[in-house]
Amino acid sequence: MKYEYLRTGTASIEQEDLRMETSIPRRKLQWSLAAASTVTAIFVLSNAPTPLYAHWQAAWGFSSGTLTIVFGAYMVGLISTLVVAGKLADRHGRKVVLVPGLIAAVVASSLFLLATDVLWLFAARLLAGVAVGAAVTAGMSATIDLAPEHRRRAGSKIASAAMVFGAGLGPMLSGALTQAVATPQLWIFGIVVSISLFALVLATKLPLQRAIVERRPSDPLWTWPSAPRPNRRELAWGIAAFAPGITSTSFFLSLGPTVLVTGIGNHSALLAGVTACSMFLVATGIQFALARFDFRTHLALSSIAAIASMSSLIVSITVSSTPAVFVIAAGLAGAAQGLGQLAALTLISTRVPQRNGAESNAALNIAGYIPAALLPVGTGYLIQFTSFHSAVTTFAAIVIVCALIALVAVRISTGRHSDNAVRGNVAICEQADDAILV
């Protein structure tokens, strides 16, 4: 792959090296944490509406199918942003994507604050998806970029934890306020607007490069996001584990409150919020608890957790209709996403050249979020044509099969390619880049 650092036509390689060296002292862990806080802020917004969906559905009279379409609008905004944001963040700098994404977050939270019918929710969720697309490309890449060079793995862990912590904090805040105040919508999204505004100001202060690489005249204007060819195997490993995990958590976020009401008979908005929060607290905690294991173990455990989660979901609506089993299923889904995400981000941050980091993150999340959008939406509409239990069981069975295939295929593939071989692929890619720069 051929890359050049963005400079004027007369700039020398020595000047470019000097510029890179002077930027290194600013790569402190504190700045990495600051970048991570912008990711957390956006993910607080992304899941804060979850406990309110059942309330809105009852107040405004829309179906479960419409509810999943609202969730699907979020996925449309997210995936559309991922398609272009990765390359933009690599070519023109992380702020070019992150700052507009945070502006979208402020507008989205304002729309939620003022919403009076389902059309407001469509617009708000669409913009929330745009904001999350910016977070998982530019925000998470900025978190890794700003970590000291010798702590790249720590940067990956911070980026991954920032995402799942924010995703859990949002519904917990929302669920608690729903139970505590008479006008939860105003309180919840008033707080979220404030958090988003603070993150927007912070993002403008991050000491990030204005550009990572330059598009050469021979390069196409647009290509589908991907990792460099020597690293696509590692990206595929990450996708195989991440996709079932994120699809499982997406189900609990979109249809989880409906399952609690219809399948289990529990109408507590607080329980819906606590379930979503616990799911992402597990996702955060398990990354730190199992950090000492290698990526192969993380990949395998992610698939196993997804299988266990969906099996528990089936049990919760067929054998033992109790909230406890449902909460366990959600926690296992969080473990599946957290471990799959950690493994994938570790592979990207340590194996893929930095100049392709945001694009590789985009490719990872596109592959994960497409099934995470289509399967819950399909399940929401299937509920209208078959029994509730049959629709949910069908969804769970599909995820179980996919996770089982991923577990076997990835285990075999990673066993055939030693860690040294993987490192060798990256070394070849970086040596080719250095030869071109010289």
# chains A, B, ... in the order shown; residues from 1 in each chain; ligands from 1

call {"tool": "residues_around", "arguments": {"residues": "Ala203 in chain A", "least_positions_apart": "5", "cutoff": "12 Å", "atoms": "only C-alpha atoms", "output": "PyMOL selection string"}}
result
chain A and resi 31-39+41-42+94-103+134-135+138-139+142-143+196-198+208

call {"tool": "closest_residue", "arguments": {"among": "A:Thr258, A:Ser174, A:Asn361, A:Gln209", "to": "Asp145 in chain A", "atoms": "only C-alpha atoms"}}
result
A:Gln209

call {"tool": "select_by_dssp", "arguments": {"residues": "range 292-393 of chain A", "states": "alpha helix (DSSP H)", "output": "compact mmCIF listing (two decimals) with N, CA, C and O atoms, in the first residue's frame"}}
result
# COMPACT_ATOMS: atom_id res chain seq x y z
N PHE A 295 -5.35 -12.44 22.49
CA PHE A 295 -6.52 -12.14 21.67
C PHE A 295 -7.25 -13.40 21.22
O PHE A 295 -8.47 -13.37 21.04
N ARG A 296 -6.53 -14.51 21.07
CA ARG A 296 -7.20 -15.76 20.68
C ARG A 296 -8.21 -16.19 21.74
O ARG A 296 -9.32 -16.63 21.43
N THR A 297 -7.81 -16.06 22.99
CA THR A 297 -8.72 -16.40 24.08
C THR A 297 -9.91 -15.46 24.12
O THR A 297 -11.05 -15.88 24.32
N HIS A 298 -9.65 -14.16 23.93
CA HIS A 298 -10.74 -13.19 23.91
C HIS A 298 -11.74 -13.50 22.80
O HIS A 298 -12.96 -13.41 22.99
N LEU A 299 -11.23 -13.84 21.62
CA LEU A 299 -12.11 -14.16 20.50
C LEU A 299 -12.99 -15.38 20.81
O LEU A 299 -14.19 -15.38 20.57
N ALA A 300 -12.37 -16.42 21.37
CA ALA A 300 -13.12 -17.64 21.68
C ALA A 300 -14.16 -17.39 22.76
O ALA A 300 -15.32 -17.82 22.65
N LEU A 301 -13.76 -16.70 23.83
CA LEU A 301 -14.70 -16.43 24.93
C LEU A 301 -15.85 -15.54 24.48
O LEU A 301 -16.97 -15.66 24.98
N SER A 302 -15.58 -14.63 23.55
CA SER A 302 -16.65 -13.78 23.02
C SER A 302 -17.73 -14.62 22.35
O SER A 302 -18.93 -14.43 22.59
N SER A 303 -17.33 -15.55 21.50
CA SER A 303 -18.29 -16.41 20.82
C SER A 303 -19.05 -17.30 21.81
O SER A 303 -20.27 -17.48 21.69
N ILE A 304 -18.34 -17.83 22.79
CA ILE A 304 -18.98 -18.68 23.80
C ILE A 304 -20.01 -17.88 24.59
O ILE A 304 -21.12 -18.35 24.87
N ALA A 305 -19.66 -16.64 24.95
CA ALA A 305 -20.60 -15.79 25.70
C ALA A 305 -21.84 -15.46 24.88
O ALA A 305 -22.96 -15.41 25.42
N ALA A 306 -21.68 -15.24 23.58
CA ALA A 306 -22.84 -14.96 22.73
C ALA A 306 -23.78 -16.17 22.68
O ALA A 306 -25.01 -16.02 22.73
N ILE A 307 -23.20 -17.36 22.57
CA ILE A 307 -24.01 -18.58 22.55
C ILE A 307 -24.76 -18.74 23.88
O ILE A 307 -25.96 -19.03 23.91
N ALA A 308 -24.05 -18.51 24.98
CA ALA A 308 -24.69 -18.64 26.30
C ALA A 308 -25.77 -17.59 26.50
O ALA A 308 -26.83 -17.86 27.10
N SER A 309 -25.54 -16.37 25.99
CA SER A 309 -26.53 -15.30 26.13
C SER A 309 -27.83 -15.64 25.42
O SER A 309 -28.92 -15.51 25.99
N MET A 310 -27.72 -16.07 24.18
CA MET A 310 -28.93 -16.37 23.42
C MET A 310 -29.65 -17.60 23.95
O MET A 310 -30.88 -17.67 23.92
N SER A 311 -28.90 -18.56 24.47
CA SER A 311 -29.51 -19.72 25.10
C SER A 311 -30.30 -19.30 26.34
O SER A 311 -31.43 -19.76 26.57
N SER A 312 -29.72 -18.39 27.13
CA SER A 312 -30.40 -17.89 28.32
C SER A 312 -31.64 -17.07 27.95
O SER A 312 -32.66 -17.11 28.66
N LEU A 313 -31.55 -16.33 26.85
CA LEU A 313 -32.72 -15.56 26.40
C LEU A 313 -33.88 -16.49 26.08
O LEU A 313 -35.04 -16.22 26.46
N ILE A 314 -33.60 -17.58 25.38
CA ILE A 314 -34.65 -18.55 25.06
C ILE A 314 -35.27 -19.11 26.34
O ILE A 314 -36.49 -19.21 26.48
N VAL A 315 -34.41 -19.45 27.30
CA VAL A 315 -34.90 -19.99 28.57
C VAL A 315 -35.78 -18.97 29.28
O VAL A 315 -36.82 -19.31 29.86
N SER A 316 -35.40 -17.68 29.23
CA SER A 316 -36.13 -16.64 29.97
C SER A 316 -37.55 -16.43 29.47
O SER A 316 -38.40 -15.94 30.22
N ILE A 317 -37.84 -16.79 28.22
CA ILE A 317 -39.20 -16.57 27.71
C ILE A 317 -39.97 -17.88 27.50
O ILE A 317 -41.16 -17.83 27.14
N THR A 318 -39.30 -19.00 27.71
CA THR A 318 -39.99 -20.27 27.47
C THR A 318 -40.06 -21.15 28.72
O THR A 318 -41.11 -21.71 29.04
N PRO A 323 -37.33 -12.20 35.53
CA PRO A 323 -36.37 -11.15 35.14
C PRO A 323 -34.92 -11.54 35.37
O PRO A 323 -34.04 -11.11 34.64
N ALA A 324 -34.66 -12.39 36.38
CA ALA A 324 -33.27 -12.74 36.72
C ALA A 324 -32.57 -13.43 35.55
O ALA A 324 -31.43 -13.09 35.21
N VAL A 325 -33.24 -14.38 34.91
CA VAL A 325 -32.63 -15.08 33.77
C VAL A 325 -32.42 -14.12 32.61
O VAL A 325 -31.40 -14.17 31.91
N PHE A 326 -33.38 -13.22 32.40
CA PHE A 326 -33.26 -12.23 31.33
C PHE A 326 -32.05 -11.32 31.57
O PHE A 326 -31.29 -11.01 30.65
N VAL A 327 -31.86 -10.88 32.80
CA VAL A 327 -30.72 -10.01 33.13
C VAL A 327 -29.41 -10.77 32.93
O VAL A 327 -28.42 -10.19 32.44
N ILE A 328 -29.39 -12.05 33.29
CA ILE A 328 -28.19 -12.87 33.05
C ILE A 328 -27.89 -12.95 31.56
O ILE A 328 -26.73 -12.83 31.13
N ALA A 329 -28.94 -13.14 30.75
CA ALA A 329 -28.75 -13.20 29.30
C ALA A 329 -28.17 -11.89 28.77
O ALA A 329 -27.26 -11.89 27.92
N ALA A 330 -28.66 -10.77 29.29
CA ALA A 330 -28.13 -9.47 28.87
C ALA A 330 -26.67 -9.31 29.29
O ALA A 330 -25.84 -8.80 28.52
N GLY A 331 -26.33 -9.74 30.51
CA GLY A 331 -24.95 -9.65 30.96
C GLY A 331 -24.00 -10.47 30.10
O GLY A 331 -22.89 -10.03 29.78
N LEU A 332 -24.43 -11.65 29.71
CA LEU A 332 -23.61 -12.48 28.83
C LEU A 332 -23.45 -11.84 27.45
O LEU A 332 -22.39 -11.95 26.82
N ALA A 333 -24.50 -11.16 26.98
CA ALA A 333 -24.39 -10.42 25.71
C ALA A 333 -23.34 -9.32 25.83
O ALA A 333 -22.55 -9.09 24.91
N GLY A 334 -23.34 -8.63 26.98
CA GLY A 334 -22.32 -7.60 27.20
C GLY A 334 -20.93 -8.18 27.20
O GLY A 334 -19.99 -7.60 26.64
N ALA A 335 -20.76 -9.36 27.82
CA ALA A 335 -19.46 -10.01 27.82
C ALA A 335 -19.03 -10.36 26.40
O ALA A 335 -17.85 -10.20 26.03
N ALA A 336 -19.97 -10.83 25.59
CA ALA A 336 -19.65 -11.18 24.20
C ALA A 336 -19.19 -9.96 23.42
O ALA A 336 -18.18 -10.01 22.71
N GLN A 337 -19.91 -8.84 23.55
CA GLN A 337 -19.50 -7.64 22.83
C GLN A 337 -18.18 -7.10 23.36
O GLN A 337 -17.29 -6.75 22.59
N GLY A 338 -18.05 -7.03 24.69
CA GLY A 338 -16.83 -6.46 25.27
C GLY A 338 -15.57 -7.21 24.87
O GLY A 338 -14.58 -6.60 24.47
N LEU A 339 -15.60 -8.52 24.95
CA LEU A 339 -14.41 -9.31 24.61
C LEU A 339 -14.13 -9.31 23.11
O LEU A 339 -12.98 -9.23 22.69
N GLY A 340 -15.19 -9.40 22.30
CA GLY A 340 -15.00 -9.34 20.86
C GLY A 340 -14.46 -8.01 20.41
O GLY A 340 -13.56 -7.92 19.57
N GLN A 341 -14.98 -6.95 21.00
CA GLN A 341 -14.52 -5.60 20.67
C GLN A 341 -13.08 -5.38 21.11
O GLN A 341 -12.26 -4.81 20.37
N LEU A 342 -12.75 -5.84 22.32
CA LEU A 342 -11.38 -5.69 22.82
C LEU A 342 -10.38 -6.42 21.92
O LEU A 342 -9.33 -5.89 21.57
N ALA A 343 -10.71 -7.65 21.55
CA ALA A 343 -9.82 -8.41 20.68
C ALA A 343 -9.64 -7.73 19.33
O ALA A 343 -8.51 -7.61 18.82
N ALA A 344 -10.74 -7.24 18.76
CA ALA A 344 -10.66 -6.60 17.45
C ALA A 344 -9.86 -5.31 17.51
O ALA A 344 -9.00 -5.05 16.65
N LEU A 345 -10.10 -4.48 18.54
CA LEU A 345 -9.37 -3.22 18.64
C LEU A 345 -7.89 -3.46 18.94
O LEU A 345 -7.03 -2.71 18.47
N THR A 346 -7.60 -4.49 19.71
CA THR A 346 -6.19 -4.82 19.98
C THR A 346 -5.49 -5.22 18.69
O THR A 346 -4.35 -4.80 18.42
N LEU A 347 -6.14 -6.04 17.88
CA LEU A 347 -5.56 -6.44 16.61
C LEU A 347 -5.34 -5.23 15.70
O LEU A 347 -4.31 -5.11 15.03
N ILE A 348 -6.30 -4.31 15.68
CA ILE A 348 -6.17 -3.13 14.82
C ILE A 348 -5.07 -2.21 15.32
O ILE A 348 -4.23 -1.74 14.54
N SER A 349 -5.03 -1.96 16.64
CA SER A 349 -4.07 -0.99 17.16
C SER A 349 -2.63 -1.50 17.14
O SER A 349 -1.69 -0.71 17.03
N THR A 350 -2.44 -2.82 17.28
CA THR A 350 -1.08 -3.37 17.35
C THR A 350 -0.62 -3.99 16.04
O THR A 350 0.58 -4.22 15.88
N ARG A 351 -1.51 -4.27 15.12
CA ARG A 351 -1.12 -4.94 13.88
C ARG A 351 -1.30 -4.05 12.64
O ARG A 351 -0.57 -4.18 11.67
N GLY A 357 -5.83 3.25 10.85
CA GLY A 357 -6.58 2.87 12.04
C GLY A 357 -8.06 3.19 11.97
O GLY A 357 -8.91 2.33 12.27
N ALA A 358 -8.41 4.42 11.60
CA ALA A 358 -9.82 4.81 11.58
C ALA A 358 -10.59 4.05 10.51
O ALA A 358 -11.73 3.63 10.73
N GLU A 359 -9.98 3.85 9.34
CA GLU A 359 -10.66 3.10 8.29
C GLU A 359 -10.89 1.65 8.71
O GLU A 359 -11.95 1.08 8.43
N SER A 360 -9.92 1.06 9.38
CA SER A 360 -10.08 -0.32 9.85
C SER A 360 -11.17 -0.41 10.91
O SER A 360 -11.96 -1.35 10.93
N ASN A 361 -11.23 0.59 11.81
CA ASN A 361 -12.32 0.64 12.79
C ASN A 361 -13.67 0.74 12.10
O ASN A 361 -14.66 0.13 12.52
N ALA A 362 -13.72 1.54 11.03
CA ALA A 362 -14.97 1.69 10.28
C ALA A 362 -15.39 0.36 9.68
O ALA A 362 -16.57 -0.03 9.75
N ALA A 363 -14.44 -0.35 9.08
CA ALA A 363 -14.76 -1.65 8.47
C ALA A 363 -15.26 -2.63 9.52
O ALA A 363 -16.23 -3.38 9.29
N LEU A 364 -14.61 -2.64 10.68
CA LEU A 364 -15.03 -3.52 11.78
C LEU A 364 -16.47 -3.23 12.18
O LEU A 364 -17.30 -4.15 12.32
N ASN A 365 -16.79 -1.97 12.39
CA ASN A 365 -18.11 -1.61 12.88
C ASN A 365 -19.21 -1.74 11.83
O ASN A 365 -20.34 -2.07 12.16
N ILE A 366 -18.88 -1.50 10.57
CA ILE A 366 -19.87 -1.74 9.51
C ILE A 366 -20.28 -3.21 9.51
O ILE A 366 -21.47 -3.55 9.48
N ALA A 367 -19.28 -4.08 9.54
CA ALA A 367 -19.56 -5.52 9.50
C ALA A 367 -20.32 -5.96 10.75
O ALA A 367 -21.11 -6.91 10.69
N GLY A 368 -20.10 -5.30 11.88
CA GLY A 368 -20.80 -5.67 13.09
C GLY A 368 -22.20 -5.10 13.17
O GLY A 368 -23.15 -5.78 13.58
N TYR A 369 -22.36 -3.86 12.75
CA TYR A 369 -23.64 -3.18 12.94
C TYR A 369 -24.68 -3.54 11.89
O TYR A 369 -25.88 -3.35 12.12
N ILE A 370 -24.27 -4.03 10.73
CA ILE A 370 -25.27 -4.42 9.73
C ILE A 370 -26.16 -5.55 10.26
O ILE A 370 -27.40 -5.42 10.25
N PRO A 371 -25.62 -6.67 10.74
CA PRO A 371 -26.51 -7.67 11.35
C PRO A 371 -27.18 -7.16 12.61
O PRO A 371 -28.30 -7.57 12.93
N ALA A 372 -26.49 -6.27 13.35
CA ALA A 372 -27.08 -5.72 14.56
C ALA A 372 -28.30 -4.86 14.25
O ALA A 372 -29.17 -4.67 15.11
N ALA A 373 -28.37 -4.34 13.04
CA ALA A 373 -29.55 -3.56 12.61
C ALA A 373 -30.61 -4.46 12.01
O ALA A 373 -31.79 -4.38 12.38
N LEU A 374 -30.22 -5.34 11.10
CA LEU A 374 -31.20 -6.12 10.34
C LEU A 374 -31.91 -7.16 11.18
O LEU A 374 -33.14 -7.32 11.06
N LEU A 375 -31.19 -7.88 12.03
CA LEU A 375 -31.83 -8.97 12.78
C LEU A 375 -32.85 -8.48 13.81
O LEU A 375 -33.96 -9.00 13.87
N PRO A 376 -32.55 -7.47 14.64
CA PRO A 376 -33.59 -6.97 15.55
C PRO A 376 -34.78 -6.36 14.83
O PRO A 376 -35.93 -6.54 15.25
N VAL A 377 -34.54 -5.62 13.72
CA VAL A 377 -35.66 -5.06 12.96
C VAL A 377 -36.52 -6.17 12.38
O VAL A 377 -37.76 -6.14 12.46
N GLY A 378 -35.87 -7.19 11.81
CA GLY A 378 -36.62 -8.32 11.29
C GLY A 378 -37.41 -9.03 12.37
O GLY A 378 -38.57 -9.44 12.15
N THR A 379 -36.83 -9.13 13.56
CA THR A 379 -37.54 -9.78 14.68
C THR A 379 -38.75 -8.95 15.10
O THR A 379 -39.83 -9.50 15.40
N GLY A 380 -38.59 -7.63 15.13
CA GLY A 380 -39.71 -6.76 15.49
C GLY A 380 -40.90 -6.93 14.57
O GLY A 380 -42.05 -6.94 15.01
N TYR A 381 -40.63 -7.08 13.28
CA TYR A 381 -41.74 -7.29 12.34
C TYR A 381 -42.24 -8.73 12.36
O TYR A 381 -43.43 -8.98 12.13
N LEU A 382 -41.35 -9.69 12.63
CA LEU A 382 -41.78 -11.08 12.71
C LEU A 382 -42.78 -11.28 13.85
O LEU A 382 -43.69 -12.13 13.76
N PHE A 388 -44.90 -14.17 19.72
CA PHE A 388 -43.78 -13.44 20.28
C PHE A 388 -42.63 -14.39 20.61
O PHE A 388 -41.48 -14.12 20.28
N HIS A 389 -42.94 -15.49 21.25
CA HIS A 389 -41.91 -16.44 21.66
C HIS A 389 -41.20 -17.04 20.46
O HIS A 389 -39.97 -17.23 20.47
N SER A 390 -41.93 -17.32 19.39
CA SER A 390 -41.31 -17.91 18.19
C SER A 390 -40.36 -16.92 17.53
O SER A 390 -39.27 -17.30 17.07
N ALA A 391 -40.75 -15.65 17.47
CA ALA A 391 -39.91 -14.64 16.84
C ALA A 391 -38.60 -14.46 17.60
O ALA A 391 -37.51 -14.43 17.00
N VAL A 392 -38.68 -14.35 18.91
CA VAL A 392 -37.48 -14.15 19.72
C VAL A 392 -36.58 -15.39 19.67
O VAL A 392 -35.36 -15.29 19.57
N THR A 393 -37.19 -16.56 19.70
CA THR A 393 -36.42 -17.80 19.63
C THR A 393 -35.70 -17.92 18.29
O THR A 393 -34.54 -18.37 18.23

call {"tool": "residues_around", "arguments": {"residues": "Ala73 in chain A", "least_positions_apart": "6", "cutoff": "7 Å", "atoms": "only C-alpha atoms", "output": "ChimeraX atom specification"}}
result
/A:122,125-126

call {"tool": "closest_residue", "arguments": {"among": "A:Ser248, A:Thr40, A:Thr116, A:Thr262", "to": "Leu200 in chain A", "atoms": "only C-alpha atoms"}}
result
A:Thr40

call {"tool": "closest_atom_pairs", "arguments": {"of": "range 165-267 of chain A", "to": "range 408-411 of chain A", "cutoff": "12 Å", "atoms": "only C-alpha atoms", "output": "Markdown table"}}
result
| residue | atom | partner | partner_atom | distance |
| --- | --- | --- | --- | --- |
| A:Arg233 | CA | A:Val410 | CA | 10.0 |
| A:Glu234 | CA | A:Val410 | CA | 9.9 |
| A:Leu235 | CA | A:Val410 | CA | 11.2 |
| A:Ala236 | CA | A:Val410 | CA | 8.7 |
| A:Trp237 | CA | A:Val410 | CA | 6.0 |
| A:Gly238 | CA | A:Val410 | CA | 9.0 |
| A:Ile239 | CA | A:Val410 | CA | 10.1 |
| A:Ala240 | CA | A:Val410 | CA | 7.4 |
| A:Ala241 | CA | A:Val410 | CA | 8.4 |
| A:Phe242 | CA | A:Val410 | CA | 11.9 |
